[in-house]
Amino acid sequence: MSVARLTLLVASLPALAGCSEIQSALAPRGPDAERILTLGLVLLVGAIAILLIVLVALVLALYGSDRWRRRLASANAVKLGGLAFPIVTLTILLGYGIWLMREELAAAVRPPALRIEVTGEQWWWRLAYLQPDGSRIAEANEIRIPVGQEVEFALNAADVIHSFWVPSLGGKLDMVPGRTNRLRLTAQREGIYRGQCAEYCGGPHALMALEIVAMPAEAFERWLAAAASPPEPVTEAARAGRDLFHRSGCGACHAIRGTEARGAVGPDLSRLGGRRFLAAASLRLDEDSIGRFIHDGQSLKPGNQMPEFRIFSATELRMLSAYLASLK
């Protein structure tokens with residue numbers, strides 16, 4: 001790659017970052033992400049400055065006068081440049097990093113406004129909103145949080161190591177089987193922020209994404225309060241789909257609150273129709289997508305744990321899709 005092309009690429013990085021602010025560490029929308037970006041920029045500027053110093057010393061050592069060569073080859077130059085300079089520089093950067101991220105340490109003793117348990121599974125996200133009375137509201141693959149309130153995520157893994165990362169809101173944290181790691185994030189403004197499993201977990205790892213929807217506190221409380229039971233289907237097709245769903249044994253793997261479906265193998269479907277995406281944010285959600293995933297899921301998300309159900313006719317798929325899309 002030529003110098004001109006490399007320069008153009010580096011210069012265009014900020015513009016490219018702005019094209020996808022929904023998932024960019026260069027577009028922070030929370031205090032944690034802002035601190036991480038600040039620290040990253042400081043380290044980048046420091047690294048560039050150190051690189052320039054080293055390059056100048058290299059040029060002088062290769063092409064400088066005999067006087068400069070003798071100075072660079074002296075014992076004092078080795079002690080100052082090879083020992084004192086790295087120690088002082090790294091100590092300053094370390095101290096600044098600890099000071100900048102001090103809020104992370106203070107957050108551990110502060111009660112959060114909301115606690116959400118997130119369990120990484122191959123290849124989707126099991127969610128539970130932990131209530132003050134000890135109850136849990138199950139969801140999957142899409143997280144909703146109130147704007148301006150600190151949320152604590154209790155991160156677990158059910159099978160292999162996963163990693164929870166929403167770049168616009170904060171740093172990533174691994175999800176380790178048998179261990180609970182805790183991460184606190186705050187969304188400063190309303191919006192949708194995309195996250196990703198950042199640790200290779202086999203199979204369709206690249207299709208294990210999620211969305212965090214930050215909404216006004218009042219709207220969030222209404223959304224959470226409506227979680228007790230799903231709405232009754234209003235169309236004839238949806239009602240027929242509901243009966244088919246339960247008659248076909250789908251409730252052995254999936255749960256829908258307020259019904260006899262209490263399966264815990266797959267994602268909770270209680271409010272599937274209210275999500276923007278299907279299959280861990282890998283497929284835009286609509287009735288057609290639901291039917292396609294039931295019938296041809298392995299071609300849409302290869303390797304996922306749900307087998308393809310080709311026993312349903314086109315009419316039955318439309319009924320199932322109408323019912324599941326009505327769950328909001």
# chains A, B, ... in the order shown; residues from 1 in each chain; ligands from 1
>>> select_by_dssp(residues="segment 140-176 of chain A", states="strand (DSSP E or B)", output="list in words")
Ala140, Glu142, Ile143, Arg144, Ile145, Pro146, Val151, Glu152, Phe153, Ala154, Leu155, Asn156, Ala157, His162, Ser163, Phe164, Trp165, Leu173, Asp174 and Met175 of chain A
>>> residues_around(residues="Ser299 of chain A", least_positions_apart="5", cutoff="12 Å", atoms="only C-alpha atoms", output="PyMOL selection string")
chain A and resi 204+283+292-294+304+306-308
>>> residues_around(residues="segment 220-222 of chain A", least_positions_apart="5", cutoff="10 Å", atoms="only C-alpha atoms", output="VMD selection string")
chain A and resid 144 to 147 213 to 215 227
>>> residues_around(residues="Pro111 of chain A", least_positions_apart="5", cutoff="12 Å", atoms="only C-alpha atoms", output="mmCIF file with C-alpha atoms, in the first residue's frame")
data_model
loop_
_atom_site.group_PDB
_atom_site.id
_atom_site.type_symbol
_atom_site.label_atom_id
_atom_site.label_comp_id
_atom_site.auth_asym_id
_atom_site.auth_seq_id
_atom_site.Cartn_x
_atom_site.Cartn_y
_atom_site.Cartn_z
ATOM 1 C CA ALA A 106 -16.732 3.887 42.706
ATOM 2 C CA PRO A 132 -36.879 -5.676 43.846
ATOM 3 C CA GLN A 149 -30.011 5.464 34.735
ATOM 4 C CA GLU A 150 -27.161 3.182 35.681
ATOM 5 C CA VAL A 151 -27.821 -0.449 34.798
ATOM 6 C CA GLU A 152 -25.875 -3.391 36.202
ATOM 7 C CA ARG A 184 -22.386 -1.207 34.623
#
>>> residues_around(residues="Pro233 of chain A", least_positions_apart="4", cutoff="9 Å", atoms="only C-alpha atoms", output="list in words")
Ala237, Ala238, Arg239, Arg242, Ala322, Tyr323, Ser326 and Leu327 of chain A
>>> select_by_dssp(residues="segment 57-230 of chain A", states="helix (DSSP H, G or I)", output="PyMOL selection string")
chain A and resi 57-63+66-73+75-100+102-107+205-207+217-225
>>> closest_atom_pairs(of="segment 112-187 of chain A", to="segment 260-270 of chain A", cutoff="7 Å", atoms="only C-alpha atoms", output="Markdown table")
| residue | atom | partner | partner_atom | distance |
| --- | --- | --- | --- | --- |
| A:Arg126 | CA | A:Pro267 | CA | 6.5 |
| A:Ala138 | CA | A:Asp268 | CA | 6.5 |
| A:Glu139 | CA | A:Asp268 | CA | 5.6 |
| A:Ala140 | CA | A:Pro267 | CA | 5.6 |
>>> residues_around(residues="Lys301 of chain A", least_positions_apart="6", cutoff="8 Å", atoms="only C-alpha atoms", output="mmCIF file with N, CA and C atoms, in the first residue's frame")
data_model
loop_
_atom_site.group_PDB
_atom_site.id
_atom_site.type_symbol
_atom_site.label_atom_id
_atom_site.label_comp_id
_atom_site.auth_asym_id
_atom_site.auth_seq_id
_atom_site.Cartn_x
_atom_site.Cartn_y
_atom_site.Cartn_z
ATOM 1 N N PRO A 204 -22.095 -20.186 14.436
ATOM 2 C CA PRO A 204 -22.499 -18.864 13.928
ATOM 3 C C PRO A 204 -22.204 -17.734 14.915
ATOM 4 N N LEU A 207 -23.058 -14.235 14.045
ATOM 5 C CA LEU A 207 -24.482 -13.893 14.024
ATOM 6 C C LEU A 207 -25.064 -13.865 15.437
ATOM 7 N N ALA A 279 -33.570 -14.092 15.888
ATOM 8 C CA ALA A 279 -32.364 -14.932 15.878
ATOM 9 C C ALA A 279 -31.121 -14.151 16.280
ATOM 10 N N SER A 282 -29.937 -11.151 13.931
ATOM 11 C CA SER A 282 -29.354 -11.514 12.641
ATOM 12 C C SER A 282 -30.354 -11.489 11.501
#
>>> atom_distance(atom1="atom CA of Tyr129 of chain A", atom2="atom CA of Ala158 of chain A")
17.5 Å
>>> closest_residue(among="A:Ala217, A:Met101, A:Val166, A:Leu173", to="Ala113 of chain A", atoms="only C-alpha atoms")
A:Ala217
>>> closest_residue(among="A:Trp68, A:Phe277, A:Tyr193, A:Trp125", to="Phe164 of chain A", atoms="only C-alpha atoms")
A:Trp125
>>> residues_around(residues="Ala73 of chain A", least_positions_apart="3", cutoff="12 Å", atoms="only C-alpha atoms", output="PDB file with C-alpha atoms, in the first residue's frame")
ATOM      1  CA  ALA A  57      16.793   8.798  17.052  1.00  0.00           C
ATOM      2  CA  LEU A  58      16.999   6.130  14.353  1.00  0.00           C
ATOM      3  CA  LEU A  60      20.321  10.374  13.690  1.00  0.00           C
ATOM      4  CA  ALA A  61      21.938   7.016  14.428  1.00  0.00           C
ATOM      5  CA  LEU A  62      21.994   6.121  10.724  1.00  0.00           C
ATOM      6  CA  ASP A  66      29.711  11.493  14.396  1.00  0.00           C
ATOM      7  CA  ARG A  67      28.900  13.705  17.387  1.00  0.00           C
ATOM      8  CA  TRP A  68      25.244  12.594  17.431  1.00  0.00           C
ATOM      9  CA  ARG A  69      26.195   8.963  16.908  1.00  0.00           C
ATOM     10  CA  ARG A  70      28.573   9.058  19.873  1.00  0.00           C
ATOM     11  CA  ASN A  76      23.883   7.744  29.484  1.00  0.00           C
ATOM     12  CA  ALA A  77      21.769   7.595  26.314  1.00  0.00           C
ATOM     13  CA  VAL A  78      21.043   3.919  26.912  1.00  0.00           C
ATOM     14  CA  LYS A  79      20.127   4.576  30.550  1.00  0.00           C
ATOM     15  CA  LEU A  80      17.929   7.570  29.737  1.00  0.00           C
ATOM     16  CA  GLY A  81      16.307   6.292  26.546  1.00  0.00           C
ATOM     17  CA  GLY A  82      16.160   2.599  27.321  1.00  0.00           C
TER      18      GLY A  82
END
>>> closest_residue(among="A:Gly249, A:Gly202, A:Gly170, A:Gly178", to="Gln23 of chain A", atoms="only C-alpha atoms")
A:Gly170
>>> closest_residue(among="A:Ala281, A:Leu39, A:Val234, A:Leu244", to="Trp99 of chain A", atoms="only C-alpha atoms")
A:Leu39
>>> closest_residue(among="A:Leu100, A:Leu90, A:Leu185, A:Leu26", to="Ile50 of chain A", atoms="only C-alpha atoms")
A:Leu90
>>> atom_distance(atom1="atom CA of Leu114 of chain A", atom2="atom CA of Ala154 of chain A")
10.8 Å
